[in-house]
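S.K.: I have a structure here, written as structure tokens, and I will follow up with some questions on it.
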Amino acid sequence: MNSPLSSKNLRVFSKSVACKCLVLVGIALFYRALLLSYSPRNALSNSLLFRARHMSDSSSTGGIRPDKFLEVPQIVWGLNNQKIAFARACLTARMMNRTLLMPSLSASLFYKEVDKLRPIPFDKVFQFERFNSLCSGFVRLARFSDVRNRAQVFDLEKGSGRRWTVERDLEHLKQSARNESIDEFEVIRVIGKNPFLWHDHWPVEDYAKVFECMVVVDEISREADKVVMKIREAGEAERAKLESKTETPGPIPFVAVHMRIEIDWMIHCKKLEQRKKVSEICSSKREIMERVGNISGLKTPTVLYLAVADTLLEEKEEDSSVLTGWRDGLIPFEKKKLGVKEEIYGKYSYLIQSAIDYEVCLRADVFVGNSFSTFSSLIVLERTQKARKLGFMSSCKDGENKWRSYAYNLAGESKGVPRRWMTNMTHSSLQAISYGSNSVSCSSG
């Protein structure tokens, strides 16, 4: 029989061993937790928590944080290149879950008038509040006065040149978006040489959402209304001169033709044809006139508004004039003949003049342009959006789409007619619009 003393010693020994085991288990769990805190899986968890915190901070603004900002340099070049660059800046800010600080646009052409390059605030061309209302939850603009601490800025440099590829640019943006130390800054300022003119990382539909939110200010809209009214009035005056009335009552149809035949364009497009090894970029005045004249379904008479470079308005030779050579029933007008060149356009900078012309072409019953022109391509994109909202997914048949558009530089389904044109909204990038394409069709995808 065991003595009471030996039983007591055994119990004490058992408790001592148990305590030591518990201590060892605790130490092991501590080091395991320490090691896991640096594991890739935990890093992913931290990243998810980081994003969740961002979404929590931005819930009041529909997903975009109102207290973190992205600042970009002045946006340059022509109107539509500036619109594309602005949209890319918005989509970059969206990727980083930040509000874009309202950038400056450029009132004059960068590559032609460097000495006259003047910044113009975004809200002098497009409606600021309307933009935020229409794009709520997708992208967001803010004024510089919304920034609390202008000293808390991180400079994010974007590269340029051939070595700065699309892939490298995208990876650079993704890494910056994931970097918590960078994200702590209230403002991230993008620096570099025209950082939003080149690389493209978003589908056409994302760009289209931004473009839809870019509504011109009332002053530009009213000036475009005046030009359209002048076009309609000119058509009515011409109809009154005819002995026979039109085929059907109502307003005379109004066709806008974006004619690219100025010398600098012809030099550019010839070089582009050689580089791309295609022959459907440049179009002569005669080819444009023939193809526009063969568009089916045009009533007689039809008014043509010719959106052309100002240099073409000064041609003295009749053979060189854009107003001569059209088939019977097509009545051509341009800014000078309409009497609006000085009265309306002459009051404004290049950028505003382009915005007015864009709005005039957008409101035409039919639009005809060049598929390698950014100006034409963005007009067709917006007309495609308007058609789709009305339920028209294609313009392949006559009368199927009230927002009909054509590419005069591309042959249509029969000889001598331009190709029907709608923007393919399923494209994964804006490549075809930014750089032009001869693969356009009558379907929006």
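Residues are referred to by chain and number: the chain letter is A, B, ... according to the order shown in the structure tokens, the number counts from 1 in that chain, and ligands are numbered separately from 1 in the order shown.
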For A:Glu359, find every residue with an atom within 10 Å (counting only C-alpha atoms), except residues of its own chain fewer than 6 positions away, and show them as a VMD selection string.
M.R.: chain A and resid 216 220 to 221 223 to 225 227 to 228 379
S.K.: Excluding A:Ile433 and any residue of its chain fewer than 6 positions from it, enumerate the residues within 9 Å of it, using only C-alpha atoms, and give them as a PyMOL selection string.
M.R.: chain A and resi 371-374+376-378+381+423
S.K.: Report the distance between atom CA of A:Arg118 and atom CA of A:Cys90 in Å, rounded to one decimal place.
M.R.: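 Between these atoms lies a distance of 22.0 Å.
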S.K.: When you count only C-alpha atoms, which of these residues is closest to A:Val322: A:Glu273, A:Glu212, A:Asp310, A:Asp67?
M.R.: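 Among the listed residues, A:Asp310 lies closest to A:Val322.
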S.K.: Which residues are near stretch 439-441 of chain A? Cut-off 12 Å, only C-alpha atoms, ignore same chain within fewer than 5 positions. Put them as a VMD selection string.
M.R.: chain A and resid 278 280 to 281 370 to 372 377 380 to 381 384 393 to 396 404 to 413 418 to 425 427 431 to 433
S.K.: Which distance in Å separates atom CA of A:Thr99 and atom CA of A:Leu141, to one decimal?
M.R.: 5.7 Å
S.K.: Which residues come within 10 Å of A:Ser104, counting only C-alpha atoms, excluding same-chain residues fewer than 3 positions away, as number ranges by chain?
M.R.: A: 72-76, 86, 101, 107, 118-124
S.K.: Identify all residues of stretch 103-323 of chain A in alpha helix (DSSP H) (DSSP on the backbone) and supply them as a ChimeraX atom specification.
M.R.: /A:128-134,166-178,180-183,204-213,218-241,263-276,285-293
S.K.: Could you give me, as a list of chain:residue names, the residues within 10 Å of A:Val308, counting only C-alpha atoms and dropping anything in the same chain fewer than 5 positions from it?
M.R.: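 So the residues in contact are A:Val257, A:His258, A:Met259, A:Arg260, A:Ile261, A:Glu262, A:Leu313, A:Val322, A:Glu334, A:Lys335, A:Asp357.
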S.K.: Deliver the residues from the most recent selection as a file, using C-alpha atoms, as a short mmCIF file (atom, residue, chain, number, x, y, z; two decimals), in the first residue's frame.
M.R.:
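result_0.cif was written with the following content:
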```
data_model
loop_
_atom_site.label_atom_id
_atom_site.label_comp_id
_atom_site.auth_asym_id
_atom_site.auth_seq_id
_atom_site.Cartn_x
_atom_site.Cartn_y
_atom_site.Cartn_z
CA VAL A 257 -19.72 65.91 -92.63
CA HIS A 258 -16.38 66.06 -90.83
CA MET A 259 -14.10 66.62 -93.84
CA ARG A 260 -10.41 65.94 -93.24
CA ILE A 261 -8.70 67.14 -96.41
CA GLU A 262 -6.44 69.94 -95.10
CA LEU A 313 -12.54 78.40 -95.68
CA VAL A 322 -15.40 72.54 -100.30
CA GLU A 334 -19.75 75.82 -93.66
CA LYS A 335 -19.11 78.33 -90.89
CA ASP A 357 -18.50 72.06 -83.57
#
```
S.K.: Taking the DSSP assignment computed from this structure's backbone, write out as a list in words all residues of stretch 242-365 of chain A that belong to strand (DSSP E or B).
M.R.: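 Filtering stretch 242-365 of chain A down to strand (DSSP E or B) leaves Phe254, Val255, Ala256, Val257, His258, Thr302, Val303, Leu304, Tyr305, Leu306, Ala307, Leu330, Ile331, Pro332 and Phe333 of chain A.
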S.K.: Output N, CA and C atoms of each residue in that selection to a file, as a compact mmCIF listing (two decimals), in the first residue's frame.
M.R.:
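Dumped everything to again-v4.txt:
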```
# COMPACT_ATOMS: atom_id res chain seq x y z
N PHE A 254 -30.61 67.30 -91.95
CA PHE A 254 -29.36 67.99 -91.71
C PHE A 254 -28.26 66.94 -91.51
N VAL A 255 -27.29 66.93 -92.43
CA VAL A 255 -26.19 65.97 -92.40
C VAL A 255 -24.90 66.71 -92.08
N ALA A 256 -24.18 66.27 -91.06
CA ALA A 256 -22.88 66.86 -90.71
C ALA A 256 -21.78 65.98 -91.30
N VAL A 257 -20.84 66.63 -92.02
CA VAL A 257 -19.72 65.91 -92.63
C VAL A 257 -18.42 66.48 -92.07
N HIS A 258 -17.68 65.64 -91.36
CA HIS A 258 -16.38 66.06 -90.83
C HIS A 258 -15.32 65.78 -91.89
N THR A 302 -31.37 68.16 -99.00
CA THR A 302 -30.71 67.88 -97.73
C THR A 302 -29.62 68.91 -97.50
N VAL A 303 -29.57 69.46 -96.29
CA VAL A 303 -28.55 70.44 -95.94
C VAL A 303 -27.31 69.71 -95.43
N LEU A 304 -26.14 70.10 -95.93
CA LEU A 304 -24.87 69.56 -95.43
C LEU A 304 -24.18 70.63 -94.62
N TYR A 305 -23.78 70.28 -93.39
CA TYR A 305 -22.90 71.16 -92.62
C TYR A 305 -21.52 70.57 -92.70
N LEU A 306 -20.58 71.31 -93.31
CA LEU A 306 -19.22 70.82 -93.50
C LEU A 306 -18.34 71.32 -92.36
N ALA A 307 -17.96 70.40 -91.46
CA ALA A 307 -17.06 70.74 -90.36
C ALA A 307 -15.64 70.59 -90.89
N LEU A 330 -28.15 68.24 -102.59
CA LEU A 330 -27.32 68.41 -101.39
C LEU A 330 -26.86 69.87 -101.34
N ILE A 331 -27.22 70.57 -100.28
CA ILE A 331 -26.94 72.00 -100.17
C ILE A 331 -25.89 72.21 -99.09
N PRO A 332 -24.63 72.49 -99.49
CA PRO A 332 -23.55 72.57 -98.52
C PRO A 332 -23.39 73.95 -97.88
N PHE A 333 -23.08 73.95 -96.60
CA PHE A 333 -22.76 75.16 -95.86
C PHE A 333 -21.57 74.87 -94.95
```
S.K.: Between A:Cys135, A:Ala87, A:Ala240, A:Ile231, which is the closest to A:Arg363 once you count only C-alpha atoms?
M.R.: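 Looking at the shortest contact to A:Arg363, the residue is A:Ile231.
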S.K.: Env of A:Tyr358: 8 Å cut, atoms = only C-alpha atoms, seq-sep filter 3 positions within chain, self excluded. Answer as a list of chain:residue names.
M.R.: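 What passes the distance filter is A:Ser354, A:Ala355, A:Cys361, A:Leu362, A:Phe375, A:Ile379.
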S.K.: Could you tell me how far atom CA of A:Glu287 sits from atom CA of A:Pro251, in Å to one decimal place?
M.R.: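 According to the coordinates, atom CA of A:Pro251 and atom CA of A:Glu287 are separated by 27.8 Å.
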